[in-house]
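Below is protein_38.cif, holding mmCIF, C-alpha atoms.
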```cif
data_data
#
loop_
_atom_site.label_atom_id
_atom_site.label_comp_id
_atom_site.auth_asym_id
_atom_site.auth_seq_id
_atom_site.Cartn_x
_atom_site.Cartn_y
_atom_site.Cartn_z
CA MET A 57 36.05 -3.33 -1.34
CA ALA A 58 36.78 -5.05 -4.63
CA SER A 59 35.21 -2.31 -6.69
CA ASP A 60 37.40 0.34 -4.97
CA VAL A 61 40.78 -1.22 -5.62
CA ALA A 62 40.29 -2.92 -8.97
CA PRO A 63 40.78 -1.22 -12.33
CA ARG A 64 37.48 -1.13 -14.14
CA ILE A 65 37.36 -2.73 -17.58
CA GLU A 66 35.39 -0.83 -20.22
CA ARG A 67 35.87 -3.13 -23.21
CA ASP A 68 37.05 -6.72 -23.52
CA SER A 69 37.61 -8.29 -26.92
CA ALA A 70 37.70 -11.77 -25.36
CA VAL A 71 34.16 -11.22 -24.03
CA ASP A 72 32.95 -10.23 -27.50
CA LEU A 73 34.50 -13.33 -29.08
CA VAL A 74 33.18 -15.79 -26.48
CA LYS A 75 29.69 -14.28 -26.52
CA ALA A 76 29.52 -14.90 -30.27
CA VAL A 77 30.79 -18.47 -29.85
CA CYS A 78 28.26 -19.11 -27.08
CA LEU A 79 25.41 -17.97 -29.31
CA LEU A 80 26.51 -20.26 -32.14
CA ILE A 81 26.70 -23.18 -29.70
CA VAL A 82 23.14 -22.46 -28.56
CA VAL A 83 21.86 -22.36 -32.15
CA GLY A 84 23.66 -25.59 -33.02
CA LEU A 85 22.37 -27.42 -29.95
CA HIS A 86 18.78 -26.35 -30.51
CA ALA A 87 19.05 -27.54 -34.10
CA LEU A 88 20.39 -30.93 -32.97
CA MET A 89 17.65 -31.21 -30.35
CA ALA A 90 14.98 -30.84 -33.03
CA GLY A 91 13.89 -34.45 -33.41
CA VAL A 92 11.35 -34.29 -36.23
CA THR A 93 9.87 -37.57 -37.46
CA VAL A 94 7.03 -38.40 -39.83
CA GLY A 95 5.39 -41.78 -39.37
CA ASP A 96 2.03 -43.48 -39.52
CA GLY A 97 0.83 -41.28 -36.68
CA GLY A 98 1.81 -38.14 -38.55
CA LEU A 99 4.31 -35.46 -37.59
CA ALA A 100 6.02 -35.76 -34.19
CA VAL A 101 8.44 -33.29 -32.60
CA THR A 102 10.69 -34.43 -29.75
CA ASN A 103 13.98 -33.54 -28.12
CA SER A 104 16.28 -35.94 -29.92
CA LEU A 105 19.08 -35.63 -27.35
CA GLU A 106 16.97 -35.87 -24.20
CA GLY A 107 17.96 -38.76 -21.95
CA HIS A 108 21.01 -39.73 -24.01
CA PRO A 109 23.72 -40.77 -21.51
CA ILE A 110 26.62 -39.37 -23.52
CA PHE A 111 24.82 -36.08 -24.05
CA ALA A 112 24.24 -35.73 -20.28
CA TRP A 113 28.00 -35.65 -19.67
CA ALA A 114 28.57 -33.51 -22.76
CA THR A 115 26.40 -30.79 -21.25
CA TRP A 116 29.24 -30.02 -18.84
CA GLY A 117 30.98 -28.48 -21.84
CA VAL A 118 28.13 -27.25 -24.01
CA GLN A 119 25.77 -25.85 -21.38
CA ILE A 120 27.14 -22.34 -21.75
CA MET A 121 24.23 -20.29 -20.41
CA PRO A 122 26.02 -19.62 -17.09
CA LEU A 123 29.00 -18.24 -19.01
CA PHE A 124 26.64 -16.18 -21.17
CA PHE A 125 25.06 -14.63 -18.07
CA LEU A 126 28.50 -13.97 -16.59
CA LEU A 127 29.60 -12.10 -19.68
CA GLY A 128 26.24 -10.36 -19.73
CA GLY A 129 26.86 -9.20 -16.16
CA PHE A 130 30.16 -7.68 -17.28
CA SER A 131 28.50 -5.88 -20.20
CA SER A 132 25.51 -4.75 -18.15
CA LEU A 133 27.63 -3.21 -15.40
CA THR A 134 29.96 -1.40 -17.79
CA GLN A 135 27.00 -0.04 -19.76
CA TRP A 136 25.16 1.11 -16.62
CA ARG A 137 28.29 2.88 -15.37
CA ARG A 138 28.68 4.69 -18.70
CA MET A 139 25.04 5.76 -18.71
CA LYS A 140 25.19 6.84 -15.07
CA THR A 141 28.27 8.93 -15.76
CA GLY A 142 26.34 10.60 -18.58
CA GLY A 143 23.50 11.55 -16.24
CA ALA A 144 21.07 8.69 -16.91
CA THR A 145 18.88 7.36 -14.12
CA ALA A 146 18.25 3.75 -13.14
CA GLY A 147 14.84 4.03 -14.82
CA ASP A 148 16.49 5.17 -18.05
CA TYR A 149 18.80 2.16 -18.04
CA ILE A 150 16.01 -0.32 -17.35
CA ARG A 151 13.78 1.24 -20.01
CA GLN A 152 16.58 0.88 -22.55
CA ARG A 153 17.16 -2.76 -21.62
CA VAL A 154 13.46 -3.55 -21.99
CA GLN A 155 13.47 -1.79 -25.36
CA ARG A 156 16.54 -3.69 -26.59
CA LEU A 157 15.39 -7.11 -25.33
CA ALA A 158 11.59 -7.11 -25.56
CA HIS A 159 11.03 -5.10 -28.73
CA PRO A 160 12.85 -7.57 -31.07
CA ALA A 161 10.74 -10.40 -29.60
CA LEU A 162 7.42 -8.89 -30.63
CA LEU A 163 7.65 -9.69 -34.35
CA PRO A 164 8.73 -13.37 -34.13
CA ILE A 165 6.26 -14.14 -31.32
CA ALA A 166 3.40 -12.50 -33.21
CA LEU A 167 4.37 -14.25 -36.46
CA VAL A 168 4.63 -17.69 -34.83
CA ALA A 169 1.31 -17.21 -33.02
CA GLY A 170 -0.38 -16.12 -36.24
CA CYS A 171 1.04 -19.00 -38.27
CA LEU A 172 0.03 -21.62 -35.70
CA ALA A 173 -3.48 -20.15 -35.49
CA ALA A 174 -3.76 -20.30 -39.30
CA VAL A 175 -2.42 -23.87 -39.42
CA ALA A 176 -4.97 -24.89 -36.78
CA LEU A 177 -7.73 -23.96 -39.25
CA THR A 178 -6.41 -26.57 -41.70
CA GLY A 179 -7.20 -29.41 -39.32
CA VAL A 180 -3.74 -30.14 -37.90
CA SER A 181 -4.12 -31.79 -34.50
CA ASN A 182 -3.82 -29.70 -31.36
CA GLU A 183 -1.20 -32.15 -30.08
CA VAL A 184 1.15 -31.45 -32.99
CA LEU A 185 0.56 -27.69 -32.73
CA SER A 186 1.28 -27.82 -29.00
CA GLN A 187 4.51 -29.75 -29.62
CA VAL A 188 5.68 -27.28 -32.24
CA GLY A 189 4.66 -24.27 -30.15
CA PHE A 190 6.38 -25.70 -27.08
CA ARG A 191 9.65 -26.29 -28.94
CA ILE A 192 9.61 -22.83 -30.48
CA GLY A 193 8.81 -21.18 -27.15
CA GLN A 194 11.36 -23.06 -25.03
CA PRO A 195 14.37 -20.81 -25.79
CA LEU A 196 12.39 -17.79 -24.60
CA TRP A 197 13.13 -18.74 -20.97
CA PHE A 198 16.43 -16.94 -21.45
CA LEU A 199 14.65 -13.75 -22.48
CA ALA A 200 12.39 -13.79 -19.41
CA VAL A 201 15.25 -14.38 -16.96
CA TYR A 202 17.58 -11.92 -18.70
CA LEU A 203 14.91 -9.22 -18.61
CA GLY A 204 14.39 -9.84 -14.91
CA CYS A 205 18.10 -9.68 -14.15
CA ALA A 206 18.45 -6.52 -16.24
CA GLY A 207 15.82 -4.85 -14.08
CA PHE A 208 18.01 -5.45 -11.02
CA VAL A 209 21.30 -4.19 -12.51
CA PRO A 210 21.23 -0.64 -11.02
CA LEU A 211 20.33 -1.96 -7.56
CA MET A 212 22.81 -4.83 -7.66
CA ALA A 213 25.52 -2.47 -8.95
CA ARG A 214 24.91 -0.16 -5.98
CA LEU A 215 25.14 -3.11 -3.57
CA HIS A 216 28.26 -4.32 -5.36
CA ASP A 217 29.97 -0.96 -4.95
CA ALA A 218 28.99 -0.70 -1.28
CA HIS A 219 29.19 -4.31 -0.06
CA PRO A 220 30.65 -6.54 -2.80
CA ARG A 221 31.41 -9.61 -0.68
CA LEU A 222 28.24 -9.44 1.40
CA THR A 223 26.12 -9.13 -1.75
CA LEU A 224 27.83 -11.99 -3.58
CA PHE A 225 27.84 -14.42 -0.68
CA GLY A 226 24.32 -13.39 0.33
CA LEU A 227 23.06 -14.42 -3.10
CA LEU A 228 25.08 -17.63 -2.82
CA ALA A 229 23.49 -18.42 0.55
CA LEU A 230 19.99 -17.72 -0.75
CA SER A 231 20.58 -19.94 -3.79
CA ILE A 232 21.80 -22.85 -1.67
CA CYS A 233 19.01 -22.42 0.88
CA VAL A 234 16.29 -22.44 -1.79
CA ASP A 235 17.77 -25.44 -3.58
CA VAL A 236 18.30 -27.56 -0.45
CA THR A 237 14.87 -26.70 0.97
CA SER A 238 13.00 -27.35 -2.28
CA ARG A 239 14.71 -30.75 -2.66
CA ALA A 240 14.07 -31.69 0.96
CA LEU A 241 10.39 -30.75 0.73
CA GLU A 242 10.05 -32.00 -2.85
CA ALA A 243 8.63 -28.59 -3.74
CA PRO A 244 9.77 -27.58 -7.25
CA GLY A 245 7.63 -24.46 -6.99
CA LEU A 246 9.90 -23.23 -4.21
CA GLY A 247 12.92 -24.07 -6.34
CA ALA A 248 11.64 -21.64 -8.96
CA LEU A 249 12.92 -18.82 -6.73
CA ASN A 250 16.37 -19.73 -8.00
CA PHE A 251 15.42 -18.38 -11.41
CA LEU A 252 16.14 -15.14 -9.55
CA PHE A 253 18.83 -15.95 -6.98
CA VAL A 254 21.07 -18.26 -9.07
CA TRP A 255 21.11 -16.01 -12.12
CA LEU A 256 21.60 -12.86 -10.03
CA PHE A 257 24.56 -14.56 -8.35
CA ILE A 258 26.06 -15.44 -11.72
CA GLN A 259 25.41 -11.92 -13.02
CA GLN A 260 27.10 -10.57 -9.88
CA LEU A 261 30.20 -12.63 -10.65
CA GLY A 262 30.26 -10.78 -13.96
CA PHE A 263 30.42 -7.54 -11.95
CA TRP A 264 33.51 -8.83 -10.15
CA TYR A 265 35.05 -9.73 -13.50
CA ALA A 266 34.31 -6.21 -14.77
CA ASP A 267 36.26 -4.83 -11.81
CA GLY A 268 39.28 -6.90 -12.80
CA TRP A 269 39.29 -9.18 -9.76
CA PHE A 270 39.66 -12.43 -11.69
CA LEU A 271 42.20 -11.08 -14.18
CA ARG A 272 44.50 -10.09 -11.32
CA ARG A 273 44.69 -13.67 -10.07
CA ASN A 274 47.48 -16.07 -11.08
CA ARG A 275 46.46 -18.17 -14.09
CA TRP A 276 47.59 -21.42 -12.48
CA LEU A 277 45.56 -20.60 -9.38
CA LEU A 278 42.53 -19.99 -11.58
CA LEU A 279 43.02 -23.34 -13.29
CA ALA A 280 43.37 -25.11 -9.96
CA LEU A 281 40.20 -23.46 -8.64
CA ALA A 282 38.38 -24.40 -11.86
CA LEU A 283 39.45 -27.99 -11.37
CA GLY A 284 38.09 -27.78 -7.83
CA ALA A 285 34.77 -26.40 -9.09
CA PHE A 286 34.32 -29.26 -11.53
CA GLY A 287 35.38 -31.68 -8.80
CA LEU A 288 32.61 -30.26 -6.60
CA LEU A 289 30.20 -30.62 -9.51
CA THR A 290 31.19 -34.28 -9.79
CA GLY A 291 30.49 -34.75 -6.11
CA LEU A 292 27.07 -33.11 -6.39
CA THR A 293 26.03 -35.30 -9.32
CA MET A 294 27.61 -38.58 -8.28
CA GLY A 295 27.11 -38.35 -4.53
CA LEU A 296 24.10 -36.12 -3.82
CA GLY A 297 21.69 -37.20 -6.51
CA TYR A 298 21.78 -34.21 -8.84
CA SER A 299 21.40 -34.99 -12.52
CA THR A 300 24.56 -35.15 -14.62
CA ASP A 301 22.57 -33.40 -17.37
CA MET A 302 23.08 -29.66 -16.94
CA TYR A 303 19.93 -28.99 -18.98
CA VAL A 304 17.92 -30.88 -16.37
CA ASN A 305 19.58 -28.72 -13.71
CA LEU A 306 18.44 -25.63 -15.59
CA ASN A 307 14.72 -25.83 -14.82
CA PRO A 308 14.66 -24.71 -12.09
CA PRO A 309 18.32 -23.78 -11.68
CA THR A 310 20.09 -25.90 -9.07
CA ILE A 311 23.37 -25.22 -7.34
CA CYS A 312 24.96 -27.33 -10.08
CA ILE A 313 24.37 -24.48 -12.52
CA LEU A 314 25.89 -22.11 -10.00
CA VAL A 315 29.02 -24.27 -9.60
CA LEU A 316 29.25 -24.78 -13.36
CA GLY A 317 29.15 -21.00 -13.84
CA VAL A 318 31.98 -20.49 -11.35
CA GLY A 319 34.08 -23.13 -13.13
CA GLN A 320 33.40 -21.55 -16.52
CA LEU A 321 34.37 -18.08 -15.31
CA LEU A 322 37.62 -19.41 -13.83
CA LEU A 323 38.51 -21.17 -17.08
CA PHE A 324 37.60 -18.09 -19.12
CA SER A 325 39.75 -15.86 -16.91
CA ALA A 326 42.68 -18.28 -17.07
CA ALA A 327 42.46 -18.43 -20.87
CA HIS A 328 41.93 -14.67 -21.21
CA PRO A 329 45.33 -13.75 -22.73
CA TRP A 330 44.98 -16.47 -25.38
CA LEU A 331 41.36 -15.47 -26.08
CA VAL A 332 42.40 -11.83 -26.56
CA ARG A 333 44.97 -12.89 -29.15
CA MET A 334 42.33 -14.98 -30.93
CA ALA A 335 39.85 -12.11 -30.80
CA HIS A 336 42.27 -9.88 -32.70
CA VAL A 337 42.62 -12.27 -35.64
CA PRO A 338 40.91 -10.16 -38.35
CA SER A 339 38.63 -12.88 -39.71
CA LEU A 340 37.48 -13.95 -36.22
CA GLN A 341 37.05 -10.34 -35.18
CA ARG A 342 34.77 -9.63 -38.14
CA ALA A 343 32.79 -12.81 -37.63
CA ALA A 344 32.29 -12.13 -33.90
CA ALA A 345 31.26 -8.54 -34.60
CA GLY A 346 28.69 -9.70 -37.16
CA VAL A 347 27.20 -12.32 -34.84
CA ASN A 348 27.05 -9.94 -31.88
CA ARG A 349 25.54 -7.16 -33.97
CA HIS A 350 22.60 -9.41 -34.88
CA SER A 351 22.58 -11.56 -31.74
CA MET A 352 18.98 -10.90 -30.76
CA THR A 353 17.72 -11.65 -34.26
CA ILE A 354 19.71 -14.89 -34.41
CA TYR A 355 18.55 -16.00 -30.98
CA LEU A 356 14.88 -15.16 -31.45
CA TRP A 357 14.56 -16.48 -35.01
CA HIS A 358 16.74 -19.57 -35.14
CA VAL A 359 14.08 -21.99 -33.83
CA PRO A 360 11.38 -20.73 -36.25
CA VAL A 361 13.95 -21.21 -39.02
CA VAL A 362 14.53 -24.79 -37.81
CA VAL A 363 10.78 -25.39 -38.09
CA LEU A 364 10.73 -23.78 -41.54
CA VAL A 365 13.55 -26.06 -42.73
CA ALA A 366 11.65 -29.09 -41.41
CA LEU A 367 8.47 -28.00 -43.19
CA THR A 368 10.44 -27.51 -46.41
CA MET A 369 11.79 -31.04 -46.06
CA MET A 370 8.24 -32.35 -45.59
CA THR A 371 7.02 -30.47 -48.66
CA ALA A 372 9.89 -31.86 -50.71
CA ARG A 373 9.15 -35.34 -49.30
CA LEU A 374 12.68 -35.69 -48.00
CA PRO A 375 13.26 -38.47 -45.45
CA PHE A 376 13.43 -37.81 -41.71
CA PRO A 377 15.92 -40.32 -40.28
CA GLU A 378 15.34 -41.72 -36.82
CA PRO A 379 16.98 -39.34 -34.31
CA LEU A 380 20.49 -40.41 -33.26
CA SER A 381 20.63 -43.10 -35.96
CA ARG A 382 23.63 -43.26 -38.27
CA ALA A 383 21.66 -41.69 -41.11
CA TRP A 384 20.52 -38.92 -38.75
CA TRP A 385 24.09 -38.02 -37.79
CA GLU A 386 25.23 -38.17 -41.43
CA THR A 387 22.55 -35.66 -42.45
CA ARG A 388 23.14 -33.22 -39.55
CA PRO A 389 25.85 -31.17 -41.34
CA LEU A 390 23.46 -30.46 -44.22
CA PHE A 391 20.64 -29.75 -41.76
CA LEU A 392 22.80 -27.25 -39.87
CA LEU A 393 23.94 -25.67 -43.13
CA ALA A 394 20.31 -25.26 -44.24
CA ILE A 395 19.51 -23.50 -40.97
CA ALA A 396 22.50 -21.17 -41.34
CA VAL A 397 21.47 -20.34 -44.91
CA GLY A 398 17.88 -19.78 -43.80
CA LEU A 399 18.98 -17.37 -41.08
CA VAL A 400 20.83 -15.09 -43.51
CA PRO A 401 17.76 -13.58 -45.25
CA VAL A 402 15.94 -13.38 -41.91
CA VAL A 403 18.79 -11.37 -40.40
CA LEU A 404 18.92 -9.08 -43.44
CA LEU A 405 15.16 -8.54 -43.51
CA VAL A 406 14.92 -7.83 -39.78
CA ALA A 407 17.87 -5.42 -40.02
CA TYR A 408 16.12 -3.61 -42.88
CA TYR A 409 12.84 -3.55 -40.94
CA ASP A 410 14.59 -2.10 -37.88
CA SER A 411 16.29 0.56 -39.99
CA ARG A 412 12.87 1.77 -41.15
CA GLN A 413 11.42 2.07 -37.68
CA ARG A 414 10.97 5.32 -35.85
CA ALA A 415 12.77 5.48 -32.53
CA LEU A 416 10.86 6.56 -29.45
CA VAL A 417 11.76 9.83 -27.78
CA GLN A 418 11.16 9.63 -24.06
CA ARG A 419 11.81 11.74 -21.01
CA SER A 420 13.62 10.39 -17.96
CA THR A 421 11.82 7.27 -16.79
CA PRO A 422 10.87 7.05 -13.10
CA GLY A 423 11.88 3.91 -11.29
CA TRP A 424 8.33 2.73 -10.64
CA LEU A 425 7.47 2.87 -14.34
CA ALA A 426 10.67 1.03 -15.25
CA ALA A 427 9.72 -1.71 -12.79
CA ILE A 428 6.27 -2.00 -14.41
CA LYS A 429 7.85 -2.30 -17.85
CA VAL A 430 10.09 -5.14 -16.68
CA ALA A 431 7.15 -6.90 -14.99
CA LEU A 432 5.01 -6.62 -18.14
CA ALA A 433 7.78 -7.95 -20.37
CA VAL A 434 8.60 -10.88 -18.07
CA ALA A 435 4.89 -11.71 -17.70
CA GLY A 436 4.42 -11.68 -21.47
CA VAL A 437 7.25 -14.14 -22.06
CA ALA A 438 6.20 -16.25 -19.06
CA ILE A 439 2.74 -16.79 -20.58
CA ILE A 440 4.34 -18.26 -23.70
CA LEU A 441 6.57 -20.48 -21.56
CA LEU A 442 3.75 -21.73 -19.32
CA VAL A 443 0.82 -21.90 -21.75
CA GLY A 444 2.46 -21.95 -25.15
CA PHE A 445 1.35 -20.37 -28.40
CA THR A 446 -1.91 -22.29 -28.28
CA PRO A 447 -4.62 -21.41 -27.41
CA ALA A 448 -4.43 -18.24 -29.48
CA PRO A 449 -5.95 -15.95 -26.80
CA ALA A 450 -3.04 -16.71 -24.46
CA ALA A 451 -0.53 -15.77 -27.16
CA ALA A 452 -2.52 -12.58 -27.86
CA ILE A 453 -2.31 -11.60 -24.19
CA ALA A 454 1.45 -12.28 -24.18
CA ILE A 455 1.94 -10.09 -27.25
CA ALA A 456 -0.17 -7.32 -25.71
CA LEU A 457 1.91 -7.36 -22.52
CA LEU A 458 5.17 -7.18 -24.46
CA PHE A 459 3.78 -4.33 -26.57
CA LEU A 460 2.83 -2.40 -23.43
CA ALA A 461 6.24 -3.05 -21.90
CA VAL A 462 7.92 -1.50 -24.94
CA ARG A 463 5.50 1.34 -25.65
CA LEU A 464 4.65 2.74 -22.24
CA GLN A 465 5.58 6.43 -21.88
CA VAL A 466 5.63 7.32 -25.55
CA LEU A 467 5.80 11.07 -26.12
CA ARG A 468 6.52 11.68 -29.77
CA ARG A 469 8.45 10.18 -32.66
CA ARG A 470 11.38 11.21 -34.73
CA ARG A 471 13.13 9.24 -37.46
CA VAL A 472 16.56 8.08 -36.41
CA HIS A 473 18.77 5.18 -37.24
CA PRO A 474 18.28 2.77 -34.33
CA PRO A 475 21.27 1.43 -32.42
CA SER A 476 22.58 -1.92 -33.53
CA GLU A 477 21.01 -4.73 -31.54
CA SER A 478 23.15 -6.88 -29.31
CA LEU A 479 22.75 -9.15 -26.37
CA PRO A 480 24.63 -7.38 -23.59
#
```
Before we go any further, please render this structure as structure tokens.
Amino acid sequence: MASDVAPRIERDSAVDLVKAVCLLIVVGLHALMAGVTVGDGGLAVTNSLEGHPIFAWATWGVQIMPLFFLLGGFSSLTQWRRMKTGGATAGDYIRQRVQRLAHPALLPIALVAGCLAAVALTGVSNEVLSQVGFRIGQPLWFLAVYLGCAGFVPLMARLHDAHPRLTLFGLLALSICVDVTSRALEAPGLGALNFLFVWLFIQQLGFWYADGWFLRRNRWLLLALALGAFGLLTGLTMGLGYSTDMYVNLNPPTICILVLGVGQLLLFSAAHPWLVRMAHVPSLQRAAAGVNRHSMTIYLWHVPVVVLVALTMMTARLPFPEPLSRAWWETRPLFLLAIAVGLVPVVLLVAYYDSRQRALVQRSTPGWLAAIKVALAVAGVAIILLVGFTPAPAAAIAIALLFLAVRLQVLRRRRVHPPSESLP
């Protein structure tokens, strides 16, 4: 078995560096996608890059969510093994993951819901509010899927240790079967099952990376296999009718996302020695540590900050160039800089707020309760994704479910300095 013969990796500086870079790419892309215009019909919010032919091909390089999940699989497995060695149960691990992922989401979701409800009272059209709420809520898909995958980590780790190949290729077969069947029957609802199977497969590849399997392969072999993966991706998109836009392939995940993830992992593993050297450059090391330390805050708050910057521009009566026009591209550096500057006080304020919180003291969590906590958290985020922040009652239900997911099994409180937040 792979897990029996491979040296287990506890820490990887290349993973830390690439995770930070991936997060910055996500923030930058979401900022560029924010197509805000003000015309005779009022405020309109669109995806400025959607449907652009050049962007579709560019997504092969900038759609880094598969790589993020791969690295998350590495971090999740190493953390679970450490906790298990220390006597923690599967329920304890899952409870901690829900706490780390769902708790930071409560404040921004509640704040956005409250602000949109207040703005609705001023007479702003429901259409505009729905557009804004939809754009703000879109990035939360990652949180829902990541929470779900986190809930399976102890089980998938056990299967990985016992039957690594059978588990990996079983997930691969399920992913392909769901994708092919849903396309043949034109049933996107069936394809939604791959929100589970595709991302669990990619997470499982991260387990194999954690066991050192990829790092023991010849670098030229890895590069050749990566070239083959992207060749297969070309065949899928050019010959079998899959979209060349990897963001289109994301909802629901198709086998293109799966193949893209394999190619990204192969390239990452081949470049690992170089990435390690880069990760030890002092300035890059400090920057990556800072981004990773506040990763959840950056991810959850960057879209609200984009909206805040746009509202500030409206208040100041600054022009909104037509998306993708020359003027639009010329103003993007300043727009991105404004978002980065706006994120700084948010990160500092949230860090201060977290430092003042009282940590929960809990006994060992039974597996059934851990499963309920995951289900509540995923359901809360799913409501925002499916319904949006408007109507307000739906957002209130979502917030209540997230609150229950975090607070179930509270015994007593003691003041402690909470652990630094980080996307695993």
Counting only C-alpha atoms, select every polymer residue within 10 Å of (9.4, -35.6, -27.5) as defined in the file's coordinates, and provide the selection as an MDAnalysis selection string.
-> chainID A and resid 89:92 100:106 187 191
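Counting only C-alpha atoms, the residue from A:Val363, A:Met352, A:Ala343, A:Leu246 that sits nearest to Pro309 in chain A is A:Leu246.
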Given the file shown, enumerate the residues that the PyMOL selection byres ((chain A and resi 133) around 9) captures and present them as number ranges by chain.
-> A: 128-132, 134-138, 209-210, 213, 262-263, 266
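As for CA of Ala335 in chain A and CA of Ala76 in chain A, they are spaced 10.7 Å apart.
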Using all atoms listed in the file, determine which residues lie at most 8 Å from range 312-316 of chain A, disregarding the query and same-chain residues fewer than 5 positions distant; provide the list as a PyMOL selection string.
-> chain A and resi 116+122+254+257-258+285-286+288-289+292+298+302+305-306
Computed interatomic separation between CA of Phe376 in chain A and CA of Ser351 in chain A (Å) |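 It comes out at 29.5 Å.
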Of the listed residues A:Ala383, A:Ala394, A:Leu224, A:Leu458, that which approaches Trp264 in chain A most closely, counting only C-alpha atoms | A:Leu224
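If you measure from each of A:Leu321, A:Val462, A:Cys171, A:Leu85 to Ile150 in chain A using all atoms listed in the file, the closest one turns out to be A:Val462.
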Which protein, DNA or RNA residues have an atom at most 10 Å from (5.3, -14.4, -19.4), counting all atoms listed in the file? List them as a ChimeraX atom specification.
-> /A:196-197,199-200,431-444,451,453-455,457-458
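The gap separating CA of Thr237 in chain A from CA of Ile120 in chain A is 26.2 Å, in Å to one decimal.
Comparing the minimum interatomic distances between Gly84 in chain A and each of A:Asp235, A:Glu242, A:Val168, A:Tyr355, counting only C-alpha atoms, we find that A:Tyr355 sits nearest.
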Missing atoms in range 300-305 of chain A: can you complete it with all heavy atoms, as a PDB file, in the coordinates of the input?
```pdb
ATOM      1  N   THR A 300      23.337 -35.495 -13.885  1.00  0.00           N
ATOM      2  CA  THR A 300      24.560 -35.150 -14.620  1.00  0.00           C
ATOM      3  C   THR A 300      24.255 -34.283 -15.832  1.00  0.00           C
ATOM      4  O   THR A 300      25.158 -33.682 -16.407  1.00  0.00           O
ATOM      5  CB  THR A 300      25.287 -36.419 -15.081  1.00  0.00           C
ATOM      6  OG1 THR A 300      24.393 -37.227 -15.847  1.00  0.00           O
ATOM      7  CG2 THR A 300      25.792 -37.221 -13.892  1.00  0.00           C
ATOM      8  N   ASP A 301      22.998 -34.204 -16.224  1.00  0.00           N
ATOM      9  CA  ASP A 301      22.570 -33.400 -17.370  1.00  0.00           C
ATOM     10  C   ASP A 301      22.355 -31.963 -16.902  1.00  0.00           C
ATOM     11  O   ASP A 301      21.438 -31.670 -16.128  1.00  0.00           O
ATOM     12  CB  ASP A 301      21.281 -33.966 -17.961  1.00  0.00           C
ATOM     13  CG  ASP A 301      20.902 -33.329 -19.290  1.00  0.00           C
ATOM     14  OD1 ASP A 301      21.263 -32.149 -19.506  1.00  0.00           O
ATOM     15  OD2 ASP A 301      20.244 -33.992 -20.101  1.00  0.00           O
ATOM     16  N   MET A 302      23.180 -31.049 -17.377  1.00  0.00           N
ATOM     17  CA  MET A 302      23.080 -29.660 -16.940  1.00  0.00           C
ATOM     18  C   MET A 302      21.856 -28.944 -17.511  1.00  0.00           C
ATOM     19  O   MET A 302      21.502 -27.869 -17.042  1.00  0.00           O
ATOM     20  CB  MET A 302      24.352 -28.897 -17.327  1.00  0.00           C
ATOM     21  CG  MET A 302      25.581 -29.346 -16.557  1.00  0.00           C
ATOM     22  SD  MET A 302      25.412 -29.140 -14.759  1.00  0.00           S
ATOM     23  CE  MET A 302      25.486 -30.870 -14.233  1.00  0.00           C
ATOM     24  N   TYR A 303      21.196 -29.553 -18.503  1.00  0.00           N
ATOM     25  CA  TYR A 303      19.930 -28.990 -18.980  1.00  0.00           C
ATOM     26  C   TYR A 303      18.795 -29.350 -18.029  1.00  0.00           C
ATOM     27  O   TYR A 303      17.853 -28.580 -17.856  1.00  0.00           O
ATOM     28  CB  TYR A 303      19.637 -29.445 -20.401  1.00  0.00           C
ATOM     29  CG  TYR A 303      20.441 -28.687 -21.420  1.00  0.00           C
ATOM     30  CD1 TYR A 303      21.702 -29.148 -21.815  1.00  0.00           C
ATOM     31  CD2 TYR A 303      19.989 -27.499 -21.967  1.00  0.00           C
ATOM     32  CE1 TYR A 303      22.472 -28.450 -22.716  1.00  0.00           C
ATOM     33  CE2 TYR A 303      20.750 -26.784 -22.872  1.00  0.00           C
ATOM     34  CZ  TYR A 303      21.979 -27.264 -23.243  1.00  0.00           C
ATOM     35  OH  TYR A 303      22.753 -26.558 -24.134  1.00  0.00           O
ATOM     36  N   VAL A 304      18.893 -30.513 -17.402  1.00  0.00           N
ATOM     37  CA  VAL A 304      17.920 -30.880 -16.370  1.00  0.00           C
ATOM     38  C   VAL A 304      18.071 -29.959 -15.175  1.00  0.00           C
ATOM     39  O   VAL A 304      17.079 -29.524 -14.559  1.00  0.00           O
ATOM     40  CB  VAL A 304      18.107 -32.355 -15.951  1.00  0.00           C
ATOM     41  CG1 VAL A 304      17.218 -32.694 -14.751  1.00  0.00           C
ATOM     42  CG2 VAL A 304      17.793 -33.279 -17.121  1.00  0.00           C
ATOM     43  N   ASN A 305      19.314 -29.608 -14.841  1.00  0.00           N
ATOM     44  CA  ASN A 305      19.580 -28.720 -13.710  1.00  0.00           C
ATOM     45  C   ASN A 305      19.207 -27.264 -13.983  1.00  0.00           C
ATOM     46  O   ASN A 305      19.338 -26.414 -13.097  1.00  0.00           O
ATOM     47  CB  ASN A 305      21.057 -28.795 -13.322  1.00  0.00           C
ATOM     48  CG  ASN A 305      21.407 -30.074 -12.599  1.00  0.00           C
ATOM     49  OD1 ASN A 305      20.842 -30.374 -11.555  1.00  0.00           O
ATOM     50  ND2 ASN A 305      22.330 -30.846 -13.156  1.00  0.00           N
TER      51      ASN A 305
END
```
